[in-house]
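Presented below is the structure to which this report refers.
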Amino acid sequence: MKRLYRILLLLTLVIAFGCGNKNDCEDIACFTPPELFTFQIIDISSGENLFTNGTFDASEIEVVNTLNNESYEFSFIDENSIDLLAIYSVGWKTEIVNLEVSVGGEHLLTFYVDAERKNGDCCSFTDYKETRIDDAEFEYDSSTGIYSILVQP
């Protein structure tokens, strides 16, 4: 009987300490970056991209977080006449941003995001509690992830 108790005790210790000290995530390669928010600015009448047709100049784009009045990171993708504004830095940390996007001093839209960075199942990821576009008419293409902001120039 003592032998059975010793075996059970040894088995319990092996399970408790052997498995408990192993990092279950060490062999899992997991990288989940936050969503890339991409916008094209479209003439509501003609359907033309206003950067591609020369109405707007990409060097005049401003993105400002109105919650702290600081410029916010973005990039402009102008390959193959695609001409997209990409906001890639929202959601790397838990944050709320209220981004005002303008070109040449002309207000185009306000982009609000409430993002929470979380960890779970060995991966970190971003939970978007709320995203919205204010002050602009737009269409969203879920197959490409691109917001078309419809503007009357």
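Each chain in the structure tokens gets a letter, A, B, ..., in the order shown, and its residues are numbered from 1; ligands are numbered from 1 in order too.
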
(request) Within 10 Å of Phe138 in chain A, counting only C-alpha atoms, which residues show up once you throw out same-chain ones fewer than 6 positions away? Write them as a list of chain:residue names, please. (result)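 Near neighbours after the sequence-gap exclusion: A:Phe39, A:Gln40, A:Ile41, A:Ile42, A:Ile44, A:Leu109, A:Tyr147, A:Ser148, A:Ile149, A:Leu150, A:Val151.
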
List the neighbours of range 94-104 of chain A out to 8 Å using only C-alpha atoms; skip same-chain residues closer than 5 positions along the sequence, and give me the result as an mmCIF file with C-alpha atoms, in the first residue's frame.
```cif
data_model
loop_
_atom_site.group_PDB
_atom_site.id
_atom_site.type_symbol
_atom_site.label_atom_id
_atom_site.label_comp_id
_atom_site.auth_asym_id
_atom_site.auth_seq_id
_atom_site.Cartn_x
_atom_site.Cartn_y
_atom_site.Cartn_z
ATOM 1 C CA PHE A 56 -4.734 66.120 -54.595
ATOM 2 C CA ASP A 57 -1.015 65.978 -53.876
ATOM 3 C CA ALA A 58 0.203 63.232 -51.529
ATOM 4 C CA GLU A 60 -0.001 67.656 -48.578
ATOM 5 C CA ILE A 61 -1.595 64.824 -46.554
ATOM 6 C CA GLU A 62 -1.859 65.436 -42.827
ATOM 7 C CA VAL A 63 -3.032 62.934 -40.228
ATOM 8 C CA VAL A 64 -3.429 64.363 -36.723
ATOM 9 C CA ASN A 65 -4.641 62.654 -33.562
ATOM 10 C CA THR A 66 -7.058 65.263 -32.212
ATOM 11 C CA LEU A 67 -6.875 63.741 -28.721
ATOM 12 C CA TYR A 72 0.137 60.408 -36.610
ATOM 13 C CA LEU A 109 -12.571 62.501 -42.668
ATOM 14 C CA THR A 110 -12.244 61.705 -38.999
ATOM 15 C CA PHE A 111 -11.224 58.144 -38.178
ATOM 16 C CA TYR A 112 -11.945 56.924 -34.624
ATOM 17 C CA VAL A 113 -10.487 53.684 -33.248
ATOM 18 C CA ASP A 114 -10.739 52.126 -29.776
ATOM 19 C CA ALA A 115 -8.185 49.292 -29.787
ATOM 20 C CA GLU A 116 -7.134 46.903 -27.041
ATOM 21 C CA ARG A 117 -3.990 44.798 -27.388
#
```

(message) Here is a test: counting only C-alpha atoms, which residue of A:Gly145, A:Leu36, A:Pro153, A:Lys129 is nearest to Phe51 in chain A?
(response)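 Of all the options, A:Pro153 lies closest to Phe51 in chain A.
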
(message) Could you go through chain A and tell me which residues DSSP, when run on the backbone, assigns to helix (DSSP H, G or I), listing them as a PyMOL selection string?
(response) chain A and resi 2-20+58-60+79-81

What would the file look like if the residues just selected were written as a PDB file, in the first residue's frame with N, CA and C atoms?
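This is the output file out_21.pdb:
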```pdb
ATOM      1  N   LYS A   2       1.992   1.204   0.804  1.00  0.00           N
ATOM      2  CA  LYS A   2       2.894   2.347   0.816  1.00  0.00           C
ATOM      3  C   LYS A   2       3.487   2.581  -0.565  1.00  0.00           C
ATOM      4  N   ARG A   3       3.754   1.492  -1.223  1.00  0.00           N
ATOM      5  CA  ARG A   3       4.335   1.600  -2.557  1.00  0.00           C
ATOM      6  C   ARG A   3       3.361   2.306  -3.511  1.00  0.00           C
ATOM      7  N   LEU A   4       2.087   1.996  -3.429  1.00  0.00           N
ATOM      8  CA  LEU A   4       1.075   2.627  -4.263  1.00  0.00           C
ATOM      9  C   LEU A   4       1.003   4.122  -3.978  1.00  0.00           C
ATOM     10  N   TYR A   5       1.043   4.520  -2.698  1.00  0.00           N
ATOM     11  CA  TYR A   5       1.020   5.935  -2.327  1.00  0.00           C
ATOM     12  C   TYR A   5       2.254   6.647  -2.860  1.00  0.00           C
ATOM     13  N   ARG A   6       3.399   5.993  -2.781  1.00  0.00           N
ATOM     14  CA  ARG A   6       4.637   6.602  -3.285  1.00  0.00           C
ATOM     15  C   ARG A   6       4.556   6.804  -4.800  1.00  0.00           C
ATOM     16  N   ILE A   7       4.034   5.819  -5.500  1.00  0.00           N
ATOM     17  CA  ILE A   7       3.905   5.935  -6.945  1.00  0.00           C
ATOM     18  C   ILE A   7       2.935   7.065  -7.304  1.00  0.00           C
ATOM     19  N   LEU A   8       1.809   7.129  -6.607  1.00  0.00           N
ATOM     20  CA  LEU A   8       0.846   8.195  -6.856  1.00  0.00           C
ATOM     21  C   LEU A   8       1.435   9.564  -6.522  1.00  0.00           C
ATOM     22  N   LEU A   9       2.167   9.651  -5.425  1.00  0.00           N
ATOM     23  CA  LEU A   9       2.804  10.906  -5.041  1.00  0.00           C
ATOM     24  C   LEU A   9       3.835  11.307  -6.081  1.00  0.00           C
ATOM     25  N   LEU A  10       4.657  10.360  -6.529  1.00  0.00           N
ATOM     26  CA  LEU A  10       5.669  10.632  -7.542  1.00  0.00           C
ATOM     27  C   LEU A  10       5.017  11.058  -8.858  1.00  0.00           C
ATOM     28  N   LEU A  11       3.968  10.370  -9.258  1.00  0.00           N
ATOM     29  CA  LEU A  11       3.255  10.711 -10.480  1.00  0.00           C
ATOM     30  C   LEU A  11       2.647  12.116 -10.382  1.00  0.00           C
ATOM     31  N   THR A  12       2.056  12.441  -9.245  1.00  0.00           N
ATOM     32  CA  THR A  12       1.484  13.766  -9.026  1.00  0.00           C
ATOM     33  C   THR A  12       2.560  14.838  -9.107  1.00  0.00           C
ATOM     34  N   LEU A  13       3.716  14.609  -8.502  1.00  0.00           N
ATOM     35  CA  LEU A  13       4.812  15.572  -8.537  1.00  0.00           C
ATOM     36  C   LEU A  13       5.353  15.764  -9.947  1.00  0.00           C
ATOM     37  N   VAL A  14       5.478  14.678 -10.672  1.00  0.00           N
ATOM     38  CA  VAL A  14       5.970  14.769 -12.055  1.00  0.00           C
ATOM     39  C   VAL A  14       5.002  15.592 -12.899  1.00  0.00           C
ATOM     40  N   ILE A  15       3.728  15.323 -12.745  1.00  0.00           N
ATOM     41  CA  ILE A  15       2.730  16.075 -13.527  1.00  0.00           C
ATOM     42  C   ILE A  15       2.721  17.536 -13.109  1.00  0.00           C
ATOM     43  N   ALA A  16       2.715  17.791 -11.812  1.00  0.00           N
ATOM     44  CA  ALA A  16       2.620  19.167 -11.317  1.00  0.00           C
ATOM     45  C   ALA A  16       3.856  19.984 -11.660  1.00  0.00           C
ATOM     46  N   PHE A  17       5.019  19.438 -11.468  1.00  0.00           N
ATOM     47  CA  PHE A  17       6.232  20.209 -11.677  1.00  0.00           C
ATOM     48  C   PHE A  17       6.805  20.045 -13.083  1.00  0.00           C
ATOM     49  N   GLY A  18       6.654  18.901 -13.652  1.00  0.00           N
ATOM     50  CA  GLY A  18       7.188  18.664 -14.993  1.00  0.00           C
ATOM     51  C   GLY A  18       6.456  19.463 -16.036  1.00  0.00           C
ATOM     52  N   CYS A  19       5.157  19.468 -15.988  1.00  0.00           N
ATOM     53  CA  CYS A  19       4.364  20.188 -16.979  1.00  0.00           C
ATOM     54  C   CYS A  19       4.214  21.654 -16.610  1.00  0.00           C
ATOM     55  N   GLY A  20       4.156  21.943 -15.339  1.00  0.00           N
ATOM     56  CA  GLY A  20       3.929  23.318 -14.900  1.00  0.00           C
ATOM     57  C   GLY A  20       5.079  24.247 -15.216  1.00  0.00           C
ATOM     58  N   ALA A  58      -0.093  64.065 -52.700  1.00  0.00           N
ATOM     59  CA  ALA A  58       0.203  63.232 -51.529  1.00  0.00           C
ATOM     60  C   ALA A  58       1.119  63.926 -50.521  1.00  0.00           C
ATOM     61  N   SER A  59       1.937  64.854 -50.976  1.00  0.00           N
ATOM     62  CA  SER A  59       2.840  65.561 -50.048  1.00  0.00           C
ATOM     63  C   SER A  59       2.085  66.502 -49.112  1.00  0.00           C
ATOM     64  N   GLU A  60       0.802  66.751 -49.400  1.00  0.00           N
ATOM     65  CA  GLU A  60      -0.001  67.656 -48.578  1.00  0.00           C
ATOM     66  C   GLU A  60      -0.923  66.927 -47.598  1.00  0.00           C
ATOM     67  N   GLU A  79       2.137  52.946 -55.852  1.00  0.00           N
ATOM     68  CA  GLU A  79       2.627  52.000 -56.846  1.00  0.00           C
ATOM     69  C   GLU A  79       1.523  51.660 -57.840  1.00  0.00           C
ATOM     70  N   ASN A  80       1.886  51.612 -59.106  1.00  0.00           N
ATOM     71  CA  ASN A  80       0.966  51.216 -60.177  1.00  0.00           C
ATOM     72  C   ASN A  80      -0.332  52.026 -60.172  1.00  0.00           C
ATOM     73  N   SER A  81      -0.233  53.304 -59.854  1.00  0.00           N
ATOM     74  CA  SER A  81      -1.396  54.215 -59.829  1.00  0.00           C
ATOM     75  C   SER A  81      -2.496  53.756 -58.881  1.00  0.00           C
TER      76      SER A  81
END
```

Which of chain A DSSP labels strand (DSSP E or B), written as a short mmCIF file (atom, residue, chain, number, x, y, z; two decimals) with C-alpha atoms, in the first residue's frame:
```cif
data_model
loop_
_atom_site.label_atom_id
_atom_site.label_comp_id
_atom_site.auth_asym_id
_atom_site.auth_seq_id
_atom_site.Cartn_x
_atom_site.Cartn_y
_atom_site.Cartn_z
CA PHE A 37 -6.40 50.65 -42.38
CA THR A 38 -6.30 51.67 -46.03
CA PHE A 39 -8.15 54.53 -47.71
CA GLN A 40 -8.56 55.71 -51.26
CA ILE A 41 -9.97 59.16 -51.90
CA ILE A 42 -12.50 59.01 -54.73
CA ASP A 43 -14.34 61.71 -56.66
CA ASN A 49 -8.96 58.51 -57.44
CA ILE A 61 -1.59 64.82 -46.55
CA GLU A 62 -1.86 65.44 -42.83
CA VAL A 63 -3.03 62.93 -40.23
CA VAL A 64 -3.43 64.36 -36.72
CA ASN A 65 -4.64 62.65 -33.56
CA GLU A 70 0.09 65.28 -32.59
CA SER A 71 0.86 64.09 -36.10
CA SER A 75 2.25 56.00 -45.47
CA PHE A 76 1.16 56.73 -48.99
CA ILE A 77 1.18 53.84 -51.43
CA LEU A 84 -3.75 54.68 -51.15
CA LEU A 85 -3.37 56.24 -47.72
CA ALA A 86 -2.35 53.56 -45.20
CA ILE A 87 -2.57 53.95 -41.43
CA GLU A 95 -5.23 53.02 -27.26
CA ILE A 96 -7.98 55.30 -28.46
CA VAL A 97 -7.23 57.56 -31.41
CA ASN A 98 -9.33 60.16 -33.19
CA LEU A 99 -7.50 60.87 -36.43
CA GLU A 100 -8.33 63.84 -38.59
CA VAL A 101 -7.22 63.33 -42.19
CA SER A 102 -6.81 66.34 -44.47
CA VAL A 103 -5.13 67.19 -47.76
CA GLU A 106 -9.14 70.38 -46.71
CA HIS A 107 -10.72 68.10 -44.10
CA LEU A 108 -11.56 64.70 -45.59
CA LEU A 109 -12.57 62.50 -42.67
CA THR A 110 -12.24 61.71 -39.00
CA PHE A 111 -11.22 58.14 -38.18
CA TYR A 112 -11.94 56.92 -34.62
CA VAL A 113 -10.49 53.68 -33.25
CA ASP A 114 -10.74 52.13 -29.78
CA ALA A 115 -8.18 49.29 -29.79
CA GLU A 116 -7.13 46.90 -27.04
CA ARG A 117 -3.99 44.80 -27.39
CA LYS A 118 -4.54 41.37 -25.80
CA ASN A 119 -2.64 38.15 -25.20
CA GLY A 120 -4.17 34.70 -25.42
CA CYS A 123 -0.44 34.98 -29.36
CA SER A 124 -0.95 38.68 -28.98
CA PHE A 125 -3.68 40.31 -31.05
CA THR A 126 -5.73 43.48 -31.24
CA ASP A 127 -9.39 43.62 -30.28
CA TYR A 128 -11.08 46.58 -31.98
CA LYS A 129 -13.86 47.67 -29.66
CA GLU A 130 -14.98 50.39 -32.06
CA THR A 131 -13.90 51.79 -35.42
CA ARG A 132 -15.78 54.44 -37.29
CA ILE A 133 -15.42 57.06 -39.99
CA ASP A 134 -17.07 60.39 -39.30
CA GLU A 137 -19.40 59.32 -47.07
CA PHE A 138 -17.60 56.04 -47.72
CA GLU A 139 -17.81 52.49 -49.00
CA TYR A 140 -15.92 49.54 -47.57
CA ASP A 141 -14.70 46.64 -49.70
CA ILE A 146 -10.01 49.32 -48.52
CA TYR A 147 -12.24 52.21 -47.50
CA SER A 148 -13.26 54.39 -50.45
CA ILE A 149 -13.82 57.91 -49.16
CA LEU A 150 -16.24 59.67 -51.50
CA VAL A 151 -15.42 63.36 -51.94
#
```

(message) What does the structure give for the distance between CA of Glu48 in chain A and CA of Ser89 in chain A, in Å to one decimal?
(response) 27.3 Å

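A straight line drawn from CA of Thr55 in chain A to CA of Asp83 in chain A is 12.2 Å long.
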